[in-house]
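work11.cif follows; it contains mmCIF, C-alpha atoms.
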data_run
loop_
_atom_site.label_atom_id
_atom_site.label_comp_id
_atom_site.auth_asym_id
_atom_site.auth_seq_id
_atom_site.Cartn_x
_atom_site.Cartn_y
_atom_site.Cartn_z
CA MET A 1 0.00 0.00 0.00
CA ASP A 2 1.28 3.49 -0.88
CA THR A 3 1.05 5.28 2.49
CA ALA A 4 2.24 8.60 1.03
CA ARG A 5 -0.73 8.65 -1.31
CA ASP A 6 -3.14 7.66 1.46
CA THR A 7 -1.82 10.44 3.72
CA ASN A 8 -2.16 13.08 1.02
CA HIS A 9 -5.81 12.26 0.41
CA GLU A 10 -7.04 12.07 3.99
CA ALA A 11 -10.06 14.23 4.66
CA LYS A 12 -9.29 17.19 6.87
CA GLU A 13 -11.46 17.47 9.95
CA PRO A 14 -13.30 20.79 10.23
CA PRO A 15 -12.61 22.80 13.36
CA ALA A 16 -14.50 21.55 16.39
CA LEU A 17 -17.63 23.61 16.94
CA LYS A 18 -19.39 24.21 20.22
CA PRO A 19 -23.15 24.13 20.65
CA ALA A 20 -24.63 27.62 20.46
CA PHE A 21 -27.79 29.23 21.77
CA VAL A 22 -29.03 32.78 21.29
CA ALA A 23 -32.16 33.75 23.22
CA SER A 24 -34.88 35.82 21.56
CA ASP A 25 -33.70 38.97 23.36
CA GLN A 26 -30.01 38.35 22.61
CA GLY A 27 -27.70 38.99 19.66
CA ASN A 28 -25.81 41.90 18.17
CA TRP A 29 -28.55 44.56 17.83
CA ARG A 30 -27.89 47.01 14.97
CA TRP A 31 -29.77 49.88 13.34
CA TRP A 32 -29.35 49.09 9.65
CA GLY A 33 -30.98 51.57 7.27
CA GLU A 34 -34.60 51.93 8.36
CA GLY A 35 -34.61 48.58 10.13
CA LEU A 36 -33.40 46.71 13.15
CA ALA A 37 -30.97 43.88 12.43
CA VAL A 38 -30.09 41.34 15.11
CA ILE A 39 -27.10 39.20 14.21
CA LYS A 40 -27.94 35.77 15.63
CA ALA A 41 -25.20 33.55 14.11
CA THR A 42 -21.83 34.48 12.66
CA ALA A 43 -19.17 32.75 10.62
CA ALA A 44 -17.14 32.43 13.84
CA ASP A 45 -20.09 30.72 15.58
CA THR A 46 -20.68 28.24 12.74
CA GLY A 47 -17.22 27.37 11.48
CA GLY A 48 -17.80 29.63 8.48
CA GLN A 49 -20.95 27.80 7.43
CA MET A 50 -23.57 30.54 7.77
CA THR A 51 -24.75 33.90 9.01
CA ILE A 52 -28.25 34.42 10.40
CA VAL A 53 -29.67 37.91 10.83
CA GLU A 54 -33.16 38.69 12.14
CA VAL A 55 -34.37 41.83 10.37
CA THR A 56 -37.38 43.95 11.36
CA GLU A 57 -38.44 46.51 8.75
CA PRO A 58 -41.10 49.24 8.93
CA PRO A 59 -43.94 49.39 6.39
CA GLY A 60 -42.92 50.32 2.86
CA THR A 61 -39.18 49.77 3.25
CA GLU A 62 -37.51 49.06 -0.08
CA ALA A 63 -34.13 47.36 -0.32
CA PRO A 64 -32.21 48.44 -3.43
CA LEU A 65 -31.57 45.97 -6.21
CA HIS A 66 -28.35 44.24 -5.24
CA VAL A 67 -26.37 41.06 -5.72
CA HIS A 68 -24.23 38.89 -3.46
CA HIS A 69 -21.24 37.44 -5.29
CA ASN A 70 -20.12 35.25 -2.37
CA GLU A 71 -23.26 34.11 -0.53
CA ASP A 72 -26.56 32.42 -1.20
CA GLU A 73 -29.38 34.08 0.74
CA ALA A 74 -32.54 32.59 2.15
CA PHE A 75 -35.48 34.63 3.45
CA TRP A 76 -37.80 33.22 6.10
CA VAL A 77 -40.69 35.60 6.86
CA LEU A 78 -41.60 35.47 10.54
CA ASP A 79 -44.20 38.28 10.70
CA GLY A 80 -45.87 40.53 8.15
CA ASP A 81 -45.56 40.55 4.38
CA VAL A 82 -42.82 41.29 1.88
CA THR A 83 -42.56 41.26 -1.89
CA LEU A 84 -39.32 39.64 -2.97
CA GLU A 85 -37.91 40.06 -6.46
CA ILE A 86 -35.25 37.44 -7.13
CA GLY A 87 -34.02 37.55 -10.70
CA GLU A 88 -37.11 37.44 -12.91
CA THR A 89 -39.27 35.92 -10.14
CA THR A 90 -41.62 37.98 -7.93
CA ILE A 91 -42.77 36.34 -4.70
CA GLU A 92 -45.51 37.67 -2.41
CA ALA A 93 -44.28 36.25 0.89
CA HIS A 94 -46.24 36.13 4.14
CA ALA A 95 -45.54 34.97 7.70
CA GLY A 96 -44.21 31.42 7.59
CA ASP A 97 -43.04 31.60 3.96
CA TYR A 98 -39.50 30.87 2.81
CA ALA A 99 -37.66 31.93 -0.35
CA PHE A 100 -34.15 31.28 -1.66
CA GLY A 101 -31.93 33.66 -3.61
CA PRO A 102 -28.82 32.08 -5.13
CA ARG A 103 -25.60 34.08 -5.20
CA ARG A 104 -25.03 36.18 -8.32
CA ILE A 105 -28.81 36.60 -8.88
CA PRO A 106 -29.90 40.24 -8.37
CA HIS A 107 -32.68 40.69 -5.83
CA ARG A 108 -34.56 43.25 -3.75
CA TYR A 109 -37.59 43.43 -1.51
CA THR A 110 -40.43 45.77 -0.59
CA VAL A 111 -42.06 45.49 2.82
CA GLY A 112 -45.85 45.36 3.12
CA ASP A 113 -48.22 47.74 4.92
CA ALA A 114 -47.79 46.12 8.35
CA GLY A 115 -44.00 45.92 8.22
CA CYS A 116 -42.23 42.62 8.52
CA ARG A 117 -39.76 40.57 10.49
CA MET A 118 -37.69 37.97 8.68
CA LEU A 119 -34.57 35.90 8.92
CA PHE A 120 -31.77 36.33 6.41
CA ILE A 121 -29.82 33.07 6.30
CA LEU A 122 -26.63 33.35 4.27
CA THR A 123 -24.16 30.65 3.28
CA PRO A 124 -21.28 30.62 3.67
CA GLY A 125 -20.90 32.83 6.74
CA GLY A 126 -19.33 36.26 6.85
CA PHE A 127 -22.24 38.51 5.82
CA GLU A 128 -22.38 39.83 9.38
CA ASP A 129 -19.28 41.88 8.57
CA LEU A 130 -21.24 43.82 5.94
CA VAL A 131 -24.14 44.36 8.35
CA VAL A 132 -21.79 45.73 11.01
CA ALA A 133 -20.00 47.97 8.48
CA MET A 134 -23.31 49.42 7.19
CA SER A 135 -25.02 49.87 10.55
CA GLU A 136 -24.62 51.28 14.02
CA PRO A 137 -25.25 49.72 17.42
CA ALA A 138 -28.95 49.98 18.24
CA GLY A 139 -29.65 52.51 20.97
CA ALA A 140 -32.71 50.45 21.91
CA HIS A 141 -34.23 47.17 20.83
CA THR A 142 -36.59 49.02 18.50
CA LEU A 143 -36.61 50.36 14.98
CA PRO A 144 -34.27 53.33 14.62
CA PRO A 145 -35.65 56.83 14.89
CA PRO A 146 -36.68 58.25 11.51
CA SER A 147 -33.81 59.91 9.67
CA THR A 148 -34.12 63.25 7.92
CA GLU A 149 -31.01 62.56 5.83
CA ASP A 150 -30.78 60.55 2.65
CA PRO A 151 -28.47 57.54 2.89
CA ASP A 152 -24.96 58.02 1.51
CA MET A 153 -25.28 55.66 -1.46
CA ALA A 154 -21.62 56.06 -2.48
CA GLN A 155 -20.57 54.84 0.97
CA ILE A 156 -23.14 52.02 0.94
CA LYS A 157 -21.95 50.88 -2.51
CA ALA A 158 -18.31 50.97 -1.37
CA ILE A 159 -19.09 48.88 1.73
CA ALA A 160 -21.07 46.39 -0.35
CA ALA A 161 -18.21 46.06 -2.86
CA ALA A 162 -15.67 45.57 -0.06
CA HIS A 163 -17.77 42.62 1.19
CA GLY A 164 -18.42 40.87 -2.14
CA GLY A 165 -21.69 42.59 -2.98
CA GLU A 166 -22.92 45.13 -5.47
CA ILE A 167 -25.73 47.70 -5.29
CA LEU A 168 -27.28 47.85 -8.76
CA ASP A 169 -29.59 50.84 -8.19
CA GLY A 170 -30.08 53.59 -5.66
#

Starting from the file, lay out its structure as structure tokens.
Amino acid sequence: MDTARDTNHEAKEPPALKPAFVASDQGNWRWWGEGLAVIKATAADTGGQMTIVEVTEPPGTEAPLHVHHNEDEAFWVLDGDVTLEIGETTIEAHAGDYAFGPRRIPHRYTVGDAGCRMLFILTPGGFEDLVVAMSEPAGAHTLPPPSTEDPDMAQIKAIAAAHGGEILDG
């Protein structure tokens, strides 16, 4: 038996992970745009496998058309309604619904009249770095106060690009 060949082809063990638990009132609370983002799972927590962010958006919020070059993104609507546009597909999603947006497919969403709360589940992990870079620590566990200033789209586009994303409008 050629032991050199066998050694070279051994499967590498992934790093040992520890069980994790994040209570409903726990996480990294961030004011992100008009919404409240709570980072529940990070790449560090999951061995790089995923990021999970709970996002609460006020009525009428519109995310700009954008694309993730590095992550697939799933949307799980917990409360309210949201219209998702993923590529050429439009989905009217309600509480309990799930949708999947593969990487490199442009997408956006518009929140319904009652607002919404949803999970963003991204694979692989690391998307939390973009959320932190585009947001600020939440001063309270609520939606941010209304802003009178327009968002700095040049800065938002630069942050997105630095994290493997691209804002296509806005």

Worksheet item: Can you list what the PyMOL selection byres ((chain A and resi 64-79) around 10) grabs from this structure, as a PyMOL selection string?
Response: chain A and resi 50-56+61-63+80-82+84-87+93-110+114-127+157+160-161+163-170

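Between Glu13 (chain A) and the candidates A:Asp25, A:Lys40, A:Gly47, A:Pro145, the tightest atom-to-atom separation, counting all atoms listed in the file, involves A:Gly47.
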
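Comparing the minimum interatomic distances between Pro137 (chain A) and each of A:Val111, A:Ile159, A:Ala154, A:Leu36, counting only C-alpha atoms, we find that A:Leu36 sits nearest.
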
Worksheet item: Which one is closest to Asn28 (chain A): A:Ile156, A:Ser135, A:Asp150, A:Thr89? Count only C-alpha atoms.
Response: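 Checking each candidate against Asn28 (chain A), we get A:Ser135 as the closest.
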
Practice prompt. Would you mind telling me which residue in A:Asp113, A:Leu17, A:Asp129, A:Glu136 lies nearest to Thr42 (chain A) when using all atoms listed in the file?
Written response: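 Using all atoms listed in the file, the shortest distance to Thr42 (chain A) belongs to A:Asp129.
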
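The two atoms in question, CA of Thr142 (chain A) and CA of Trp31 (chain A), are spaced 8.6 Å apart.
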
Worksheet entry | Radius query 9 Å about (-39.1, 55.0, 13.1), atoms used: only C-alpha atoms, as a list of chain:residue names |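 All residues meeting the 9 Å criterion around (-39.1, 55.0, 13.1) are A:Glu34, A:Gly35, A:Pro58, A:Thr142, A:Leu143, A:Pro144, A:Pro145, A:Pro146, A:Ser147.
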
Give, as lines of an AutoDock Vina configuration file, the centre coordinates and the x, y and z edge lengths in Å to one decimal for an axis-aligned box around all listed atoms of region 14-27 of chain A, padded by 8 Å on each side.
center_x = -23.7
center_y = 29.9
center_z = 16.8
size_x = 38.3
size_y = 34.2
size_z = 29.1

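Between CA of Phe21 (chain A) and CA of Ala37 (chain A) lies a distance of 17.7 Å.
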
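Put simply, CA of Gly27 (chain A) is 23.4 Å away from CA of Pro59 (chain A).
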
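With only C-alpha atoms as the atoms that count, the minimum distance from Trp29 (chain A) to the choices A:Val131, A:Ala16, A:Ala43, A:Ala158 is reached by A:Val131.
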
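Minimum distance to Thr46 (chain A) across A:Ala20, A:Leu130, A:Ala162, A:Ala138 (counting only C-alpha atoms) occurs at A:Ala20.
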
Please, can region 123-137 of chain A be completed to N, CA and C atoms and returned as an mmCIF file, in the coordinates of the input?
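File written: rebuild_28.cif
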data_model
loop_
_atom_site.group_PDB
_atom_site.id
_atom_site.type_symbol
_atom_site.label_atom_id
_atom_site.label_comp_id
_atom_site.auth_asym_id
_atom_site.auth_seq_id
_atom_site.Cartn_x
_atom_site.Cartn_y
_atom_site.Cartn_z
ATOM 1 N N THR A 123 -25.221 31.651 3.295
ATOM 2 C CA THR A 123 -24.160 30.650 3.280
ATOM 3 C C THR A 123 -23.198 30.965 2.149
ATOM 4 N N PRO A 124 -21.903 30.864 2.379
ATOM 5 C CA PRO A 124 -21.280 30.620 3.670
ATOM 6 C C PRO A 124 -21.404 31.848 4.571
ATOM 7 N N GLY A 125 -20.850 31.742 5.774
ATOM 8 C CA GLY A 125 -20.900 32.830 6.740
ATOM 9 C C GLY A 125 -19.986 33.978 6.356
ATOM 10 N N GLY A 126 -20.151 35.079 7.049
ATOM 11 C CA GLY A 126 -19.330 36.260 6.850
ATOM 12 C C GLY A 126 -20.129 37.518 6.557
ATOM 13 N N PHE A 127 -21.402 37.371 6.166
ATOM 14 C CA PHE A 127 -22.240 38.510 5.820
ATOM 15 C C PHE A 127 -22.414 39.465 6.996
ATOM 16 N N GLU A 128 -22.244 38.953 8.210
ATOM 17 C CA GLU A 128 -22.380 39.830 9.380
ATOM 18 C C GLU A 128 -21.391 40.982 9.338
ATOM 19 N N ASP A 129 -20.256 40.792 8.674
ATOM 20 C CA ASP A 129 -19.280 41.880 8.570
ATOM 21 C C ASP A 129 -19.837 43.050 7.765
ATOM 22 N N LEU A 130 -20.592 42.762 6.714
ATOM 23 C CA LEU A 130 -21.240 43.820 5.940
ATOM 24 C C LEU A 130 -22.285 44.526 6.792
ATOM 25 N N VAL A 131 -23.093 43.751 7.510
ATOM 26 C CA VAL A 131 -24.140 44.360 8.350
ATOM 27 C C VAL A 131 -23.509 45.312 9.358
ATOM 28 N N VAL A 132 -22.443 44.880 10.019
ATOM 29 C CA VAL A 132 -21.790 45.730 11.010
ATOM 30 C C VAL A 132 -21.220 46.989 10.346
ATOM 31 N N ALA A 133 -20.610 46.826 9.175
ATOM 32 C CA ALA A 133 -20.000 47.970 8.480
ATOM 33 C C ALA A 133 -21.047 48.985 8.018
ATOM 34 N N MET A 134 -22.263 48.536 7.707
ATOM 35 C CA MET A 134 -23.310 49.420 7.190
ATOM 36 C C MET A 134 -24.259 49.935 8.267
ATOM 37 N N SER A 135 -24.037 49.562 9.505
ATOM 38 C CA SER A 135 -25.020 49.870 10.550
ATOM 39 C C SER A 135 -24.339 50.526 11.740
ATOM 40 N N GLU A 136 -25.139 50.771 12.759
ATOM 41 C CA GLU A 136 -24.620 51.280 14.020
ATOM 42 C C GLU A 136 -25.275 50.496 15.150
ATOM 43 N N PRO A 137 -24.610 50.414 16.296
ATOM 44 C CA PRO A 137 -25.250 49.720 17.420
ATOM 45 C C PRO A 137 -26.615 50.336 17.724
#
